[in-house]
Every structure is written in structure tokens, then in C-alpha cells.
>>> print(open('run32.cif').read())   # mmCIF, C-alpha atoms and all ligand atoms
data_protein
#
loop_
_atom_site.label_atom_id
_atom_site.label_comp_id
_atom_site.auth_asym_id
_atom_site.auth_seq_id
_atom_site.Cartn_x
_atom_site.Cartn_y
_atom_site.Cartn_z
CA MET I 212 0.00 0.00 0.00
CA LEU I 213 1.21 3.47 -0.86
CA ARG I 214 2.13 5.43 2.25
CA ILE I 215 1.50 9.01 1.20
CA GLY I 216 0.83 12.37 2.79
CA CYS I 217 1.68 16.02 2.45
CA HIS I 218 2.92 18.93 4.50
CA LEU I 219 0.21 20.21 6.87
CA SER I 220 -0.14 23.19 9.18
CA SER I 221 0.31 22.19 12.81
CA SER I 222 -1.60 25.16 14.24
CA LYS I 223 -4.57 23.08 15.46
CA GLY I 224 -2.62 20.19 16.94
CA PHE I 225 -1.96 16.54 16.16
CA LYS I 226 -5.49 15.17 16.16
CA ALA I 227 -6.57 17.91 13.74
CA MET I 228 -3.65 17.12 11.42
CA ALA I 229 -4.55 13.44 11.37
CA GLU I 230 -8.19 14.30 10.58
CA THR I 231 -7.09 16.60 7.78
CA ALA I 232 -4.78 13.92 6.41
CA LEU I 233 -7.62 11.40 6.37
CA SER I 234 -9.97 13.88 4.68
CA ILE I 235 -7.61 14.30 1.72
CA GLY I 236 -6.93 10.59 1.28
CA ALA I 237 -3.55 10.63 3.04
CA ASN I 238 -2.33 8.02 5.53
CA THR I 239 0.63 10.03 6.85
CA PHE I 240 1.69 13.70 7.01
CA GLN I 241 4.55 16.08 7.63
CA TYR I 242 4.45 19.20 9.81
CA PHE I 243 6.87 21.82 11.13
CA SER I 244 7.96 21.28 14.74
CA ARG I 245 7.45 25.03 15.26
CA ASN I 246 7.22 28.17 13.17
CA PRO I 247 9.35 27.39 10.08
CA ARG I 248 11.36 30.54 10.74
CA GLY I 249 12.26 29.35 14.22
CA GLY I 250 11.03 30.74 17.50
CA SER I 251 9.43 28.95 20.39
CA ALA I 252 7.25 25.87 20.05
CA LYS I 253 3.69 25.75 21.31
CA ALA I 254 3.10 24.00 24.64
CA VAL I 255 2.31 20.32 24.15
CA ASP I 256 -1.26 19.31 24.99
CA PRO I 257 -1.16 15.76 26.41
CA ALA I 258 -4.90 15.29 25.74
CA ASP I 259 -4.37 16.15 22.07
CA ILE I 260 -1.48 13.69 21.84
CA GLU I 261 -3.58 10.91 23.37
CA ALA I 262 -6.56 11.65 21.11
CA TYR I 263 -4.19 11.71 18.15
CA LYS I 264 -2.69 8.32 19.01
CA VAL I 265 -6.12 6.69 19.21
CA PHE I 266 -7.35 8.30 15.99
CA ALA I 267 -4.13 7.47 14.10
CA ALA I 268 -4.21 3.83 15.20
CA GLU I 269 -7.88 3.48 14.21
CA ASN I 270 -7.27 4.97 10.78
CA ASP I 271 -3.84 3.51 9.97
CA ILE I 272 -2.07 6.85 9.98
CA LYS I 273 1.62 6.38 10.69
CA ASP I 274 5.23 7.21 9.79
CA ILE I 275 4.53 10.90 10.28
CA LEU I 276 7.47 13.22 9.69
CA THR I 277 8.43 16.17 11.86
CA HIS I 278 10.37 18.84 9.95
CA ALA I 279 12.76 21.15 11.79
CA PRO I 280 12.45 24.88 11.04
CA TYR I 281 14.31 25.44 7.78
CA THR I 282 16.13 28.47 9.13
CA LEU I 283 18.16 26.36 11.56
CA ASN I 284 21.78 26.36 10.50
CA PRO I 285 23.81 23.81 12.46
CA CYS I 286 26.98 24.87 10.61
CA ALA I 287 26.59 28.66 10.77
CA ALA I 288 29.75 30.69 11.20
CA ASP I 289 28.21 32.46 14.20
CA GLU I 290 28.44 30.46 17.41
CA GLY I 291 25.15 31.86 18.69
CA LEU I 292 23.31 30.57 15.61
CA ARG I 293 24.87 27.14 16.02
CA GLU I 294 23.85 27.13 19.69
CA PHE I 295 20.29 28.09 18.66
CA ALA I 296 20.15 25.22 16.15
CA LYS I 297 21.36 22.75 18.78
CA ASN I 298 18.96 23.91 21.50
CA THR I 299 16.01 23.95 19.11
CA MET I 300 16.71 20.46 17.85
CA LEU I 301 17.22 19.09 21.34
CA ASP I 302 13.93 20.62 22.50
CA ASP I 303 12.13 19.22 19.42
CA LEU I 304 13.57 15.74 19.96
CA GLN I 305 12.58 15.72 23.62
CA ARG I 306 9.01 16.65 22.66
CA LEU I 307 8.95 13.89 20.04
CA GLU I 308 9.38 11.33 22.80
CA LEU I 309 5.80 12.15 23.80
CA LEU I 310 4.75 10.70 20.45
CA ASP I 311 6.81 7.61 21.26
CA GLY I 312 9.45 8.78 18.81
CA GLY I 313 9.23 9.13 15.08
CA LEU I 314 11.02 10.62 12.13
CA TYR I 315 12.64 14.06 12.49
CA ASN I 316 13.99 15.71 9.37
CA PHE I 317 16.41 18.63 9.14
CA HIS I 318 18.45 20.49 6.54
CA PRO I 319 22.15 19.88 7.25
CA GLY I 320 22.88 23.57 6.83
CA SER I 321 24.91 26.10 4.86
CA HIS I 322 28.61 26.43 5.50
CA VAL I 323 28.66 30.10 4.45
CA LYS I 324 32.24 30.38 3.11
CA GLN I 325 33.74 28.22 5.86
CA GLY I 326 34.03 25.29 3.46
CA ILE I 327 32.36 21.89 3.41
CA GLU I 328 34.86 20.30 5.81
CA VAL I 329 34.33 22.84 8.58
CA GLY I 330 30.58 22.71 8.03
CA THR I 331 30.55 18.93 8.19
CA GLU I 332 32.44 19.01 11.49
CA TYR I 333 29.92 21.45 13.00
CA ILE I 334 26.91 19.41 11.89
CA ALA I 335 28.36 16.18 13.26
CA ALA I 336 29.39 17.92 16.50
CA MET I 337 25.82 19.14 17.00
CA LEU I 338 24.39 15.68 16.38
CA ASN I 339 26.87 14.21 18.84
CA GLU I 340 25.52 16.62 21.45
CA VAL I 341 21.79 16.25 20.85
CA LEU I 342 21.40 12.50 20.26
CA TRP I 343 21.10 10.18 23.24
CA PRO I 344 21.17 6.36 23.43
CA GLN I 345 17.60 5.81 24.68
CA MET I 346 15.85 8.18 22.27
CA ARG I 347 13.15 6.56 20.16
CA SER I 348 13.24 8.90 17.16
CA THR I 349 15.32 8.71 14.02
CA VAL I 350 16.91 11.95 12.85
CA LEU I 351 16.96 12.37 9.08
CA LEU I 352 19.40 14.42 7.06
CA GLU I 353 17.64 15.82 3.99
CA THR I 354 19.27 15.69 0.56
CA MET I 355 19.64 19.28 -0.64
CA ALA I 356 19.63 21.04 -4.03
CA GLY I 357 22.99 22.70 -3.41
CA LYS I 358 21.64 26.25 -3.33
CA GLY I 359 24.29 28.69 -2.13
CA SER I 360 26.62 26.87 0.25
CA GLU I 361 24.17 24.15 1.31
CA ILE I 362 25.75 20.94 2.54
CA GLY I 363 24.05 17.68 1.59
CA ARG I 364 23.85 18.04 -2.18
CA THR I 365 25.82 14.86 -2.75
CA PHE I 366 25.36 11.47 -1.14
CA GLU I 367 29.06 11.63 -0.16
CA GLU I 368 28.48 14.81 1.85
CA LEU I 369 25.70 13.14 3.83
CA ARG I 370 27.80 10.03 4.39
CA ASP I 371 30.70 12.14 5.66
CA ILE I 372 28.39 13.62 8.31
CA ILE I 373 27.03 10.22 9.33
CA ASP I 374 30.58 8.83 9.54
CA LYS I 375 31.46 11.40 12.20
CA VAL I 376 28.43 10.72 14.43
CA GLU I 377 28.71 8.26 17.29
CA LEU I 378 25.07 7.14 17.59
CA LYS I 379 24.73 6.20 13.92
CA ASP I 380 21.70 3.99 14.58
CA LYS I 381 19.73 7.19 15.33
CA LEU I 382 20.40 8.60 11.85
CA GLY I 383 18.67 8.24 8.50
CA VAL I 384 18.18 10.16 5.28
CA CYS I 385 15.16 11.85 3.72
CA LEU I 386 15.46 11.95 -0.05
CA ASP I 387 13.83 14.97 -1.70
CA THR I 388 13.17 14.26 -5.40
CA CYS I 389 13.21 17.96 -6.40
CA HIS I 390 16.43 18.54 -4.49
CA ILE I 391 18.44 15.60 -5.82
CA TRP I 392 17.34 16.41 -9.38
CA GLU I 393 18.39 20.04 -9.02
CA GLY I 394 21.48 18.77 -7.20
CA GLY I 395 22.49 16.86 -10.33
CA TYR I 396 21.13 13.32 -9.98
CA ASP I 397 19.29 12.19 -13.11
CA ILE I 398 16.27 10.43 -11.64
CA VAL I 399 14.38 10.92 -14.92
CA ASN I 400 16.72 8.92 -17.18
CA ASP I 401 18.69 6.83 -14.71
CA LEU I 402 16.67 6.20 -11.54
CA ASP I 403 18.25 2.76 -11.06
CA GLY I 404 21.75 4.22 -11.29
CA VAL I 405 20.97 6.96 -8.77
CA ILE I 406 19.47 4.49 -6.30
CA GLU I 407 22.41 2.16 -6.76
CA SER I 408 24.82 4.96 -5.97
CA PHE I 409 22.76 5.95 -2.90
CA ASP I 410 23.01 2.36 -1.73
CA LYS I 411 26.78 2.17 -2.29
CA ILE I 412 27.56 5.51 -0.66
CA ILE I 413 24.99 5.79 2.16
CA GLY I 414 23.14 2.46 2.23
CA LEU I 415 19.45 2.00 1.45
CA ASP I 416 18.80 0.92 5.03
CA ARG I 417 19.25 4.59 5.98
CA LEU I 418 16.55 5.79 3.58
CA LYS I 419 13.54 6.45 5.82
CA ALA I 420 11.39 8.98 3.94
CA ILE I 421 10.94 10.60 0.56
CA HIS I 422 9.87 14.17 -0.18
CA LEU I 423 7.97 13.72 -3.42
CA ASN I 424 8.14 16.95 -5.41
CA ASP I 425 8.36 17.88 -9.05
CA SER I 426 10.82 20.65 -9.95
CA LYS I 427 10.44 23.97 -11.76
CA ASN I 428 14.02 23.74 -12.99
CA PRO I 429 16.27 21.58 -15.16
CA ILE I 430 18.71 19.07 -13.68
CA SER I 431 21.64 20.63 -11.76
CA ALA I 432 19.89 24.01 -11.40
CA HIS I 433 20.72 24.23 -7.65
CA LYS I 434 17.74 26.52 -7.09
CA ASP I 435 15.27 24.45 -5.03
CA ARG I 436 11.93 25.37 -6.58
CA HIS I 437 9.23 22.74 -6.07
CA GLU I 438 6.52 22.16 -8.68
CA LYS I 439 3.19 20.34 -8.67
CA ILE I 440 3.31 16.62 -9.47
CA GLY I 441 3.55 16.14 -13.24
CA ASP I 442 3.84 19.86 -14.06
CA GLY I 443 7.60 20.16 -13.73
CA SER I 444 10.83 18.93 -15.27
CA LEU I 445 10.58 15.49 -13.64
CA GLY I 446 7.17 14.79 -15.16
CA LEU I 447 4.54 12.23 -14.34
CA GLU I 448 6.25 9.19 -15.88
CA ALA I 449 9.41 9.67 -13.81
CA ILE I 450 7.31 10.17 -10.69
CA GLU I 451 5.37 6.99 -11.45
CA ARG I 452 8.67 5.10 -11.68
CA ILE I 453 9.83 6.62 -8.39
CA ILE I 454 6.79 5.58 -6.32
CA ASN I 455 6.85 2.08 -7.80
CA HIS I 456 10.59 1.44 -7.61
CA PRO I 457 11.26 -1.74 -5.60
CA SER I 458 13.70 0.08 -3.29
CA LEU I 459 11.40 3.06 -2.73
CA ARG I 460 7.82 1.81 -2.93
CA ASP I 461 7.53 0.86 0.75
CA LYS I 462 8.88 4.17 2.09
CA PRO I 463 6.61 6.98 3.25
CA PHE I 464 6.19 9.73 0.61
CA PHE I 465 5.50 13.35 1.54
CA LEU I 466 4.31 15.99 -0.93
CA GLU I 467 5.77 19.49 -0.52
CA THR I 468 4.29 20.76 -3.74
CA PRO I 469 2.82 24.27 -4.15
CA ASN I 470 -0.78 23.35 -3.26
CA GLU I 471 -3.66 24.03 -0.96
CA LEU I 472 -5.47 21.03 0.55
CA GLU I 473 -7.64 20.50 -2.52
CA GLY I 474 -4.60 20.29 -4.78
CA TYR I 475 -2.94 17.86 -2.39
CA ALA I 476 -6.05 15.67 -2.39
CA GLU I 477 -5.93 15.54 -6.20
CA GLU I 478 -2.24 14.65 -6.26
CA ILE I 479 -2.74 11.92 -3.67
CA GLU I 480 -5.61 10.44 -5.67
CA LEU I 481 -3.51 10.53 -8.85
CA LEU I 482 -0.50 8.90 -7.16
CA LYS I 483 -2.65 6.13 -5.70
CA LYS I 484 -3.86 5.36 -9.24
CA LEU I 485 -0.29 5.25 -10.52
CA TYR I 486 0.88 2.92 -7.74
CA HIS I 487 0.76 -0.73 -8.80
FE FE F 501 13.04 20.29 3.81
FE FE F 502 12.06 18.65 1.13
ZN ZN F 503 12.98 22.25 -1.18
#
>>> encode(input="run32.cif", output="C-alpha cells")
Amino acid sequence: MLRIGCHLSSSKGFKAMAETALSIGANTFQYFSRNPRGGSAKAVDPADIEAYKVFAAENDIKDILTHAPYTLNPCAADEGLREFAKNTMLDDLQRLELLDGGLYNFHPGSHVKQGIEVGTEYIAAMLNEVLWPQMRSTVLLETMAGKGSEIGRTFEELRDIIDKVELKDKLGVCLDTCHIWEGGYDIVNDLDGVIESFDKIIGLDRLKAIHLNDSKNPISAHKDRHEKIGDGSLGLEAIERIINHPSLRDKPFFLETPNELEGYAEEIELLKKLYH
């Protein structure tokens, strides 16, 4: 069965997100842990969490994905910004334990002229501080488009971070189809080759989630502009191959396409038809 959802607003809580997901034909969803630009998280409502757990179990909603604010930069040049990224992530991960753990995705960060090696050291150092042996969540590094000085455009860059982290069993990868395409991986003409190289360099056992997006730009554009499913440079046939690929088909897929709920519902319906 296709595990598919989209990005939802978290403003009304977990139970409301699960209800929204169900209403648009989704069986999972993604949400921001707090305002995407950072700032403090809302207080957790234990009653909402409990109601959510019951509703999700009854309706087979699972594998939900928590996304860190995208302004966090774990490899910023400024120590205060790195501290902020660390404290925010630690706070998010502690809250996630209330949901009995789950998947937590973040952007590795931008090295801002410090170079990839320095950036990689900072990211790994942060992870070594925030992960703990008993945690139940898996922290996912997202593949990036390589805009500006973003780290994580290549599979090697992600592997180099993972290599430097002690609690490797807490780490996974979220593959964003728009990002890897704009990062230079030809998933339109050589999906098998790209997946093979992911497996060799990172290992498919680390692949925990997929951001399913079309792209407004050609391969290697490094711009990071998502497009609606089938309307972009990936196109519907490539997306059909992606959701049905033997190494990908059982992973949870999350749409981050430029849509309101109605548009998401249509894309989910279309993708379910294309899944065989
Ligand atoms: Fe992201
Ligand atoms: Fe993404
Ligand atoms: Zn993106």
C-alpha cells in the first residue's frame, strides 16, 4: 500500500492534522515542529497527543514526519546561531518522545564560506551533542539542491556527516526528489543508477522517507523550486517510476508541492492510481 501524505499546518494540533490527512486521502503527514522561521514551540497538549494516538491507530495513519524549522543552520559561522540550532533540535527531539518517537527531518545547513569540511564538522558535532542512546526517534538528514553553500547536495556529503556521528543507529536520510534532481542526480533517465549509488555511498537501510516533489528547474539548477506533481521537469512518468521502484515503494512519501489542501487531495488520488 502506498504510504502518502503532504505537509500540513500544525496550528490546530496533532489530532486535527490526522483528521485533515484522512480527509484528503492521506495516511501520513509532515508538519513543522514550530514556526518554520524558528522561535518557540507551542506547549504540548497531552490530551491532544492521546486523542491523536487513538485516531491514528484506528485509521492507519503512521510514519509521520516532523520537519525542523528550515532556518536552523547547524553549521553557521556564528556560534550563537549554532547554539540556537542545537537547542532547538534538542527541544524538538525531547518533545517527540511524547509521540513515542518518530522521524525528524532537518536540513544539514549552509557552510557560508567556511568550506564543506568545517561545516561537516559542525553538523556532526551538533548531532553528537543532541542524540542520546535511549531516544526513540530517528533523525533524518535531507538531501539538498545545493543552493548557495548548502551541505548535503551529494550522497558523499551526507555520508561524511554520518561517519562522524557516534550514535549512527539514530540517523537516517530523507530523499527529496526535487532537491536531488536540481542537485544533479538524473532520476528521470537513470533512476536505477541513482538508487544504486545511494546504496553504495549511504546504504538504502538509511533511507527512511521521501519528499515527493516535481521541480520547476532543469537538472543541476541548484535553485530548489518545487513544482506540482507532473507539471515540472521530472514529469509524471518519472514520478510513477519513483513511487513504484522496488527500493522506494515501501517508504513513506510526503508531498511538498505548491498546493492548498484541494490540490494535495488531487495529487494523492492521482498517485494512488499510478501505484501498482
Ligand atoms: Fe526540507
Ligand atoms: Fe524537502
Ligand atoms: Zn525544497
>>> residues_near_ligand(input="run32.cif", ligand="ligand FE 502 (chain F)", cutoff="10 Å", atoms="all atoms listed in the file", output="list in words")
His218, His278, Tyr281, Asn316, Phe317, His318, Glu353, Thr354, Met355, Ala356, Cys385, Leu386, Asp387, Thr388, Cys389, His390, Ile391, Ile421, His422, Leu423, Asn424, Asp435, His437, Phe465, Leu466, Glu467 and Thr468 of chain I
>>> residues_near_point(input="run32.cif", point="(6.8, 7.8, -4.6)", cutoff="9 Å", atoms="all atoms listed in the file", output="number ranges by chain")
I: 213-215, 421-423, 450-456, 459-465, 482, 486
>>> atom_distance(input="run32.cif", atom1="atom CA of I:Asp403", atom2="atom CA of I:Tyr315")
26.7 Å
>>> closest_residue(input="run32.cif", among="I:Phe225, I:Tyr242, I:Tyr333, I:Phe266", to="ligand FE 501 (chain F)", atoms="only C-alpha atoms and all ligand atoms")
I:Tyr242
>>> residues_around(input="run32.cif", residues="stretch 399-402 of chain I", least_positions_apart="2", cutoff="10 Å", atoms="all atoms listed in the file", output="PyMOL selection string")
chain I and resi 392+396-397+404-408+430+444-450+452-453+456
>>> atom_distance(input="run32.cif", atom1="atom CA of I:Asp303", atom2="atom CA of I:Lys324")
28.2 Å
>>> residues_around(input="run32.cif", residues="stretch 359-364 of chain I", least_positions_apart="3", cutoff="9 Å", atoms="all atoms listed in the file", output="count of residues only")
28
>>> closest_residue(input="run32.cif", among="I:Asp371, I:Lys483, I:Tyr475, I:Lys358", to="ligand ZN 503 (chain F)", atoms="only C-alpha atoms and all ligand atoms")
I:Lys358
>>> closest_residue(input="run32.cif", among="I:Lys223, I:Arg436, I:Glu480, I:Ile235", to="ligand FE 501 (chain F)", atoms="all atoms listed in the file")
I:Arg436
>>> atom_distance(input="run32.cif", atom1="atom CA of I:Glu261", atom2="atom CA of I:Trp343")
24.7 Å
>>> residues_around(input="run32.cif", residues="stretch 338-340 of chain I", least_positions_apart="6", cutoff="12 Å", atoms="all atoms listed in the file", output="CSV table (one decimal) with C-alpha atoms, in the frame of the given file")
chain,number,residue,atom,x,y,z
I,285,PRO,CA,23.8,23.8,12.5
I,286,CYS,CA,27.0,24.9,10.6
I,293,ARG,CA,24.9,27.1,16.0
I,294,GLU,CA,23.8,27.1,19.7
I,296,ALA,CA,20.2,25.2,16.2
I,297,LYS,CA,21.4,22.8,18.8
I,298,ASN,CA,19.0,23.9,21.5
I,300,MET,CA,16.7,20.5,17.8
I,301,LEU,CA,17.2,19.1,21.3
I,304,LEU,CA,13.6,15.7,20.0
I,317,PHE,CA,16.4,18.6,9.1
I,319,PRO,CA,22.2,19.9,7.2
I,331,THR,CA,30.6,18.9,8.2
I,332,GLU,CA,32.4,19.0,11.5
I,349,THR,CA,15.3,8.7,14.0
I,350,VAL,CA,16.9,12.0,12.8
I,351,LEU,CA,17.0,12.4,9.1
I,352,LEU,CA,19.4,14.4,7.1
I,372,ILE,CA,28.4,13.6,8.3
I,373,ILE,CA,27.0,10.2,9.3
I,374,ASP,CA,30.6,8.8,9.5
I,375,LYS,CA,31.5,11.4,12.2
I,376,VAL,CA,28.4,10.7,14.4
I,377,GLU,CA,28.7,8.3,17.3
I,378,LEU,CA,25.1,7.1,17.6
I,379,LYS,CA,24.7,6.2,13.9
I,381,LYS,CA,19.7,7.2,15.3
I,382,LEU,CA,20.4,8.6,11.8
>>> closest_residue(input="run32.cif", among="I:Ala287, I:Asn246, I:Gly383, I:Thr277", to="ligand FE 501 (chain F)", atoms="all atoms listed in the file")
I:Thr277
>>> decode(input="run32.cif", residues="stretch 246-261 of chain I", atoms="N, CA and C atoms", output="mmCIF file, in the first residue's frame")
data_model
loop_
_atom_site.group_PDB
_atom_site.id
_atom_site.type_symbol
_atom_site.label_atom_id
_atom_site.label_comp_id
_atom_site.auth_asym_id
_atom_site.auth_seq_id
_atom_site.Cartn_x
_atom_site.Cartn_y
_atom_site.Cartn_z
ATOM 1 N N ASN I 246 7.199 27.224 14.271
ATOM 2 C CA ASN I 246 7.223 28.168 13.167
ATOM 3 C C ASN I 246 8.444 27.889 12.275
ATOM 4 N N PRO I 247 8.220 27.752 10.949
ATOM 5 C CA PRO I 247 9.349 27.393 10.080
ATOM 6 C C PRO I 247 10.518 28.363 10.176
ATOM 7 N N ARG I 248 10.252 29.586 10.610
ATOM 8 C CA ARG I 248 11.359 30.544 10.736
ATOM 9 C C ARG I 248 12.027 30.461 12.101
ATOM 10 N N GLY I 249 11.623 29.511 12.912
ATOM 11 C CA GLY I 249 12.261 29.346 14.220
ATOM 12 C C GLY I 249 11.332 29.841 15.311
ATOM 13 N N GLY I 250 11.874 30.241 16.422
ATOM 14 C CA GLY I 250 11.032 30.741 17.505
ATOM 15 C C GLY I 250 10.555 29.604 18.383
ATOM 16 N N SER I 251 9.760 29.953 19.393
ATOM 17 C CA SER I 251 9.428 28.948 20.391
ATOM 18 C C SER I 251 8.294 28.048 19.915
ATOM 19 N N ALA I 252 8.284 26.831 20.404
ATOM 20 C CA ALA I 252 7.245 25.874 20.045
ATOM 21 C C ALA I 252 6.057 26.067 20.971
ATOM 22 N N LYS I 253 4.887 25.686 20.469
ATOM 23 C CA LYS I 253 3.693 25.751 21.315
ATOM 24 C C LYS I 253 3.797 24.706 22.427
ATOM 25 N N ALA I 254 3.119 24.975 23.551
ATOM 26 C CA ALA I 254 3.101 23.997 24.635
ATOM 27 C C ALA I 254 2.412 22.722 24.127
ATOM 28 N N VAL I 255 2.904 21.576 24.574
ATOM 29 C CA VAL I 255 2.309 20.321 24.149
ATOM 30 C C VAL I 255 1.051 20.062 24.964
ATOM 31 N N ASP I 256 -0.015 19.633 24.301
ATOM 32 C CA ASP I 256 -1.265 19.310 24.985
ATOM 33 C C ASP I 256 -1.381 17.783 25.072
ATOM 34 N N PRO I 257 -1.171 17.226 26.267
ATOM 35 C CA PRO I 257 -1.163 15.759 26.409
ATOM 36 C C PRO I 257 -2.480 15.130 25.946
ATOM 37 N N ALA I 258 -3.604 15.827 26.161
ATOM 38 C CA ALA I 258 -4.903 15.286 25.744
ATOM 39 C C ALA I 258 -4.956 15.177 24.215
ATOM 40 N N ASP I 259 -4.411 16.176 23.535
ATOM 41 C CA ASP I 259 -4.372 16.146 22.068
ATOM 42 C C ASP I 259 -3.523 14.981 21.584
ATOM 43 N N ILE I 260 -2.380 14.780 22.224
ATOM 44 C CA ILE I 260 -1.483 13.686 21.835
ATOM 45 C C ILE I 260 -2.197 12.338 22.007
ATOM 46 N N GLU I 261 -2.876 12.182 23.130
ATOM 47 C CA GLU I 261 -3.580 10.911 23.375
ATOM 48 C C GLU I 261 -4.695 10.696 22.352
#
